[in-house]
>>> print(open('input-v4.cif').read())   # mmCIF, C-alpha atoms
data_data
loop_
_atom_site.label_atom_id
_atom_site.label_comp_id
_atom_site.auth_asym_id
_atom_site.auth_seq_id
_atom_site.Cartn_x
_atom_site.Cartn_y
_atom_site.Cartn_z
CA MET A 23 137.36 -38.57 81.20
CA SER A 24 134.31 -37.01 79.56
CA ARG A 25 133.99 -40.06 77.30
CA LEU A 26 133.98 -42.32 80.36
CA ARG A 27 131.42 -40.05 82.03
CA ALA A 28 129.25 -40.23 78.90
CA LEU A 29 129.35 -44.02 79.14
CA GLY A 30 128.13 -43.89 82.74
CA PRO A 31 124.42 -44.56 82.14
CA GLU A 32 125.21 -47.29 79.61
CA LEU A 33 127.68 -48.94 82.00
CA ALA A 34 125.18 -48.75 84.86
CA ALA A 35 122.42 -50.31 82.76
CA PHE A 36 124.79 -53.01 81.48
CA ALA A 37 125.87 -53.79 85.04
CA GLY A 38 122.26 -53.96 86.26
CA VAL A 39 121.36 -56.37 83.49
CA GLY A 40 124.48 -58.38 84.27
CA LEU A 41 123.50 -58.69 87.93
CA CYS A 42 120.05 -59.96 86.94
CA ALA A 43 121.61 -62.47 84.53
CA TYR A 44 124.05 -63.61 87.21
CA ALA A 45 121.19 -64.10 89.66
CA ALA A 46 119.25 -66.14 87.08
CA ASP A 47 122.32 -68.26 86.28
CA LEU A 48 123.16 -68.89 89.94
CA GLY A 49 119.57 -69.50 91.03
CA LEU A 50 118.87 -71.96 88.24
CA PHE A 51 122.20 -73.74 88.78
CA VAL A 52 121.50 -74.19 92.51
CA TRP A 53 117.98 -75.48 91.79
CA LEU A 54 119.14 -77.84 89.03
CA ARG A 55 121.92 -79.24 91.23
CA GLY A 56 119.67 -79.51 94.30
CA PRO A 57 115.99 -80.39 93.94
CA ALA A 58 116.18 -81.24 90.23
CA ALA A 59 119.26 -83.47 90.79
CA PHE A 60 121.03 -82.68 87.50
CA ASP A 61 124.72 -83.47 87.13
CA PRO A 62 126.98 -80.40 87.53
CA LEU A 63 127.95 -79.93 83.88
CA THR A 64 124.39 -80.21 82.57
CA ALA A 65 123.16 -77.90 85.33
CA LYS A 66 125.85 -75.32 84.52
CA ALA A 67 125.27 -75.53 80.77
CA LEU A 68 121.53 -74.95 81.20
CA SER A 69 121.98 -72.16 83.74
CA PHE A 70 124.58 -70.49 81.48
CA VAL A 71 122.14 -70.47 78.55
CA ALA A 72 119.41 -69.08 80.83
CA GLY A 73 121.76 -66.37 82.13
CA CYS A 74 122.75 -65.43 78.57
CA SER A 75 119.08 -65.25 77.58
CA VAL A 76 118.26 -62.97 80.52
CA ALA A 77 121.27 -60.77 79.70
CA TYR A 78 120.35 -60.56 76.02
CA ALA A 79 116.72 -59.69 76.76
CA GLY A 80 117.76 -57.08 79.33
CA ASN A 81 120.25 -55.46 76.99
CA ALA A 82 118.02 -55.63 73.91
CA LEU A 83 114.92 -54.32 75.70
CA GLY A 84 116.71 -52.04 78.14
CA THR A 85 120.31 -50.90 77.75
CA TYR A 86 120.34 -50.86 73.92
CA ARG A 87 116.62 -50.57 73.20
CA GLY A 88 117.23 -47.61 70.87
CA ALA A 89 119.51 -49.63 68.59
CA ALA A 90 117.79 -50.80 65.43
CA PRO A 91 118.94 -54.36 64.72
CA GLN A 92 121.00 -54.61 61.53
CA VAL A 93 120.43 -58.39 61.48
CA THR A 94 117.70 -60.71 62.72
CA ARG A 95 117.25 -60.98 66.49
CA LEU A 96 118.19 -64.67 66.28
CA ARG A 97 121.52 -63.86 64.63
CA GLN A 98 122.04 -61.02 67.11
CA TYR A 99 121.43 -63.47 69.97
CA GLY A 100 123.91 -65.90 68.40
CA VAL A 101 126.63 -63.24 68.35
CA PHE A 102 125.70 -62.25 71.92
CA PHE A 103 125.96 -65.88 73.00
CA ALA A 104 129.38 -66.20 71.33
CA VAL A 105 130.61 -63.08 73.14
CA ASN A 106 129.47 -64.59 76.44
CA VAL A 107 131.18 -67.91 75.67
CA ALA A 108 134.37 -65.93 74.97
CA GLY A 109 133.94 -64.25 78.36
CA ALA A 110 133.56 -67.63 80.06
CA LEU A 111 136.73 -68.83 78.31
CA VAL A 112 138.62 -65.78 79.61
CA GLN A 113 137.58 -66.73 83.14
CA LEU A 114 138.69 -70.32 82.63
CA LEU A 115 141.99 -69.17 81.12
CA CYS A 116 142.73 -66.95 84.12
CA LEU A 117 141.99 -69.86 86.45
CA ALA A 118 144.12 -72.29 84.41
CA VAL A 119 147.11 -69.93 84.20
CA SER A 120 146.99 -69.23 87.93
CA HIS A 121 146.38 -72.82 89.05
CA TYR A 122 148.47 -74.80 86.59
CA GLY A 123 150.89 -72.19 85.23
CA PHE A 124 151.83 -70.35 88.42
CA GLY A 125 151.11 -73.21 90.83
CA LEU A 126 148.72 -71.13 92.95
CA THR A 127 146.47 -74.02 93.95
CA SER A 128 144.67 -72.87 97.10
CA GLN A 129 140.92 -72.33 97.08
CA ARG A 130 141.51 -68.61 97.70
CA ALA A 131 143.89 -68.33 94.73
CA ASP A 132 141.39 -70.15 92.50
CA THR A 133 138.61 -67.83 93.63
CA VAL A 134 140.69 -64.68 93.09
CA SER A 135 141.88 -65.75 89.65
CA GLY A 136 138.62 -67.23 88.35
CA ALA A 137 135.89 -65.22 90.05
CA GLY A 138 137.90 -62.04 90.64
CA ILE A 139 140.43 -61.27 87.93
CA GLY A 140 138.79 -63.55 85.37
CA MET A 141 135.33 -62.08 85.98
CA ALA A 142 136.67 -58.51 85.70
CA LEU A 143 138.44 -59.22 82.39
CA ALA A 144 135.46 -61.18 81.07
CA THR A 145 133.11 -58.32 81.96
CA VAL A 146 135.24 -55.85 80.00
CA LEU A 147 135.22 -58.24 77.03
CA ARG A 148 131.45 -58.76 77.32
CA PHE A 149 130.78 -55.02 77.51
CA TRP A 150 132.95 -54.31 74.49
CA GLY A 151 131.50 -57.24 72.51
CA THR A 152 127.91 -56.46 73.40
CA ARG A 153 128.36 -52.78 72.58
CA THR A 154 130.27 -53.17 69.32
CA LEU A 155 129.58 -56.61 67.86
CA VAL A 156 125.99 -57.15 68.96
CA PHE A 157 124.33 -53.73 69.10
CA GLY A 158 126.78 -51.52 67.17
CA ALA A 159 129.35 -49.07 68.54
CA ASP A 160 127.03 -46.08 68.32
CA ALA A 161 123.91 -47.96 69.35
CA HIS A 162 123.49 -46.21 72.67
CA ARG A 163 123.30 -42.45 72.65
CA ALA A 164 122.19 -40.33 75.52
CA GLY A 165 120.40 -37.51 73.77
CA PRO A 166 119.94 -35.79 70.42
CA VAL A 167 122.36 -36.36 67.59
CA GLU A 168 123.51 -33.80 65.07
CA SER A 169 123.07 -34.77 61.45
CA ALA A 170 124.51 -32.75 58.57
CA ASP A 171 121.44 -33.42 56.41
CA GLN A 172 118.62 -33.09 58.93
CA GLY A 173 119.85 -30.76 61.66
CA ARG A 174 119.00 -31.72 65.23
CA VAL A 175 117.36 -35.15 65.60
CA GLY A 176 115.82 -36.08 68.97
CA SER A 177 114.81 -39.35 70.52
CA TRP A 178 111.63 -41.19 69.45
CA THR A 179 109.85 -39.74 72.50
CA GLY A 180 110.34 -36.23 71.22
#
>>> encode(input="input-v4.cif", output="structure tokens")
Amino acid sequence: MSRLRALGPELAAFAGVGLCAYAADLGLFVWLRGPAAFDPLTAKALSFVAGCSVAYAGNALGTYRGAAPQVTRLRQYGVFFAVNVAGALVQLLCLAVSHYGFGLTSQRADTVSGAGIGMALATVLRFWGTRTLVFGADAHRAGPVESADQGRVGSWTG
């Protein structure tokens, strides 16, 4: 329980960034489908990339700003993008299993499986992937860290 409580600020920041990314994705998709008159797949692909970019920037400059990149930012973004594609595939898999596997074909069932259950599972995957694969498992620490060689080490702000 204390470990979950320690993750609280990180989870809140991750969720805030995710909401901003979702808003960017949805807003751009609606604009591309409406006034810009793009076809649905092109509009969704472009809005997905924009949402991923907003999420990466928010996490890199906000949630995990204290994490020193071990690789180039471009490579880090590539891994972040792959984690988000995996999350999107989880959502599609939930929808496919529900719709085609279980025969739950109503609009409500599709919404619950894709946007409800699928989104929840994808968010867990994205949080884990972002935290461990993109920014490192110990990237986000809320306070000073004990080091055997140096004693107490504080944040860069002192």
>>> atom_distance(input="input-v4.cif", atom1="atom CA of Val76 of chain A", atom2="atom CA of Ala46 of chain A")
7.4 Å
>>> closest_residue(input="input-v4.cif", among="A:Leu29, A:Ala110, A:Leu117, A:Ala90", to="Val134 of chain A", atoms="all atoms listed in the file")
A:Leu117
>>> atom_distance(input="input-v4.cif", atom1="atom CA of Leu68 of chain A", atom2="atom CA of Leu96 of chain A")
18.4 Å
>>> resolve_selection(input="input-v4.cif", expression="the PyMOL selection byres ((chain A and resi 101) around 12)", output="ChimeraX atom specification")
/A:74,78,93-100,102-108,148,151-158
>>> atom_distance(input="input-v4.cif", atom1="atom CA of Ser135 of chain A", atom2="atom CA of Gln113 of chain A")
7.9 Å
>>> residues_around(input="input-v4.cif", residues="Ala118 of chain A", least_positions_apart="2", cutoff="12 Å", atoms="all atoms listed in the file", output="list in words")
Leu111, Val112, Gln113, Leu114, Leu115, Cys116, Ser120, His121, Tyr122, Gly123, Phe124, Gly125, Leu126, Thr127, Ala131, Asp132, Thr133, Ser135, Gly136 and Gly140 of chain A
>>> resolve_selection(input="input-v4.cif", expression="the PyMOL selection byres ((chain A and resi 43) around 12)", output="ChimeraX atom specification")
/A:36-42,44-50,69-81,106
>>> axis_aligned_box(input="input-v4.cif", around="segment 73-84 of chain A", padding_each_side="6 Å", output="lines of an AutoDock Vina configuration file")
center_x = 118.8
center_y = -59.2
center_z = 78.0
size_x = 19.8
size_y = 26.3
size_z = 20.2
>>> decode(input="input-v4.cif", residues="segment 62-74 of chain A", atoms="all heavy atoms", output="CSV table (one decimal), in the first residue's frame")
chain,number,residue,atom,x,y,z
A,62,PRO,N,-11.2,8.7,-42.7
A,62,PRO,CA,-11.1,8.3,-41.3
A,62,PRO,C,-9.8,7.7,-40.9
A,62,PRO,O,-9.3,8.0,-39.8
A,62,PRO,CB,-12.3,7.4,-41.1
A,62,PRO,CG,-12.8,7.0,-42.4
A,62,PRO,CD,-12.3,8.0,-43.4
A,63,LEU,N,-9.2,6.8,-41.7
A,63,LEU,CA,-8.0,6.2,-41.3
A,63,LEU,C,-6.8,7.1,-41.3
A,63,LEU,O,-5.9,7.1,-40.4
A,63,LEU,CB,-7.7,5.0,-42.2
A,63,LEU,CG,-8.7,3.8,-42.1
A,63,LEU,CD1,-8.3,2.7,-43.0
A,63,LEU,CD2,-8.8,3.3,-40.7
A,64,THR,N,-6.7,8.0,-42.3
A,64,THR,CA,-5.6,9.0,-42.3
A,64,THR,C,-5.8,10.0,-41.2
A,64,THR,O,-4.8,10.3,-40.5
A,64,THR,CB,-5.7,9.8,-43.7
A,64,THR,OG1,-5.5,8.8,-44.7
A,64,THR,CG2,-4.5,10.8,-43.7
A,65,ALA,N,-7.0,10.4,-40.9
A,65,ALA,CA,-7.3,11.3,-39.8
A,65,ALA,C,-6.9,10.7,-38.5
A,65,ALA,O,-6.2,11.3,-37.6
A,65,ALA,CB,-8.8,11.7,-39.8
A,66,LYS,N,-7.2,9.4,-38.3
A,66,LYS,CA,-6.9,8.7,-37.0
A,66,LYS,C,-5.4,8.5,-36.9
A,66,LYS,O,-4.8,8.7,-35.8
A,66,LYS,CB,-7.7,7.4,-36.9
A,66,LYS,CG,-7.5,6.8,-35.5
A,66,LYS,CD,-8.0,7.7,-34.4
A,66,LYS,CE,-7.5,7.3,-33.1
A,66,LYS,NZ,-7.7,8.3,-32.1
A,67,ALA,N,-4.7,8.1,-38.0
A,67,ALA,CA,-3.3,7.9,-37.9
A,67,ALA,C,-2.6,9.2,-37.5
A,67,ALA,O,-1.7,9.2,-36.7
A,67,ALA,CB,-2.8,7.4,-39.3
A,68,LEU,N,-3.0,10.3,-38.2
A,68,LEU,CA,-2.3,11.6,-37.9
A,68,LEU,C,-2.7,12.1,-36.4
A,68,LEU,O,-1.8,12.6,-35.7
A,68,LEU,CB,-2.8,12.7,-38.9
A,68,LEU,CG,-2.3,12.5,-40.3
A,68,LEU,CD1,-2.9,13.5,-41.2
A,68,LEU,CD2,-0.8,12.6,-40.4
A,69,SER,N,-3.9,11.9,-36.0
A,69,SER,CA,-4.2,12.3,-34.6
A,69,SER,C,-3.6,11.4,-33.6
A,69,SER,O,-3.2,11.9,-32.5
A,69,SER,CB,-5.8,12.4,-34.5
A,69,SER,OG,-6.3,11.1,-34.4
A,70,PHE,N,-3.4,10.2,-33.9
A,70,PHE,CA,-2.7,9.3,-33.0
A,70,PHE,C,-1.2,9.7,-32.8
A,70,PHE,O,-0.7,9.8,-31.7
A,70,PHE,CB,-2.7,7.8,-33.5
A,70,PHE,CG,-2.0,6.8,-32.7
A,70,PHE,CD1,-2.6,6.3,-31.5
A,70,PHE,CD2,-0.8,6.4,-33.0
A,70,PHE,CE1,-2.0,5.4,-30.7
A,70,PHE,CE2,-0.1,5.4,-32.2
A,70,PHE,CZ,-0.7,4.9,-31.1
A,71,VAL,N,-0.6,10.0,-33.9
A,71,VAL,CA,0.8,10.5,-33.8
A,71,VAL,C,0.9,11.8,-33.0
A,71,VAL,O,1.8,12.0,-32.2
A,71,VAL,CB,1.4,10.7,-35.2
A,71,VAL,CG1,2.8,11.4,-35.2
A,71,VAL,CG2,1.6,9.3,-35.9
A,72,ALA,N,0.0,12.7,-33.3
A,72,ALA,CA,-0.1,14.0,-32.5
A,72,ALA,C,-0.3,13.7,-31.0
A,72,ALA,O,0.4,14.3,-30.2
A,72,ALA,CB,-1.2,14.9,-33.1
A,73,GLY,N,-1.2,12.8,-30.7
A,73,GLY,CA,-1.5,12.5,-29.3
A,73,GLY,C,-0.3,11.9,-28.7
A,73,GLY,O,0.1,12.2,-27.5
A,74,CYS,N,0.4,11.0,-29.4
A,74,CYS,CA,1.7,10.4,-28.8
A,74,CYS,C,2.7,11.4,-28.6
A,74,CYS,O,3.4,11.4,-27.6
A,74,CYS,CB,2.2,9.3,-29.8
A,74,CYS,SG,1.3,7.8,-29.8
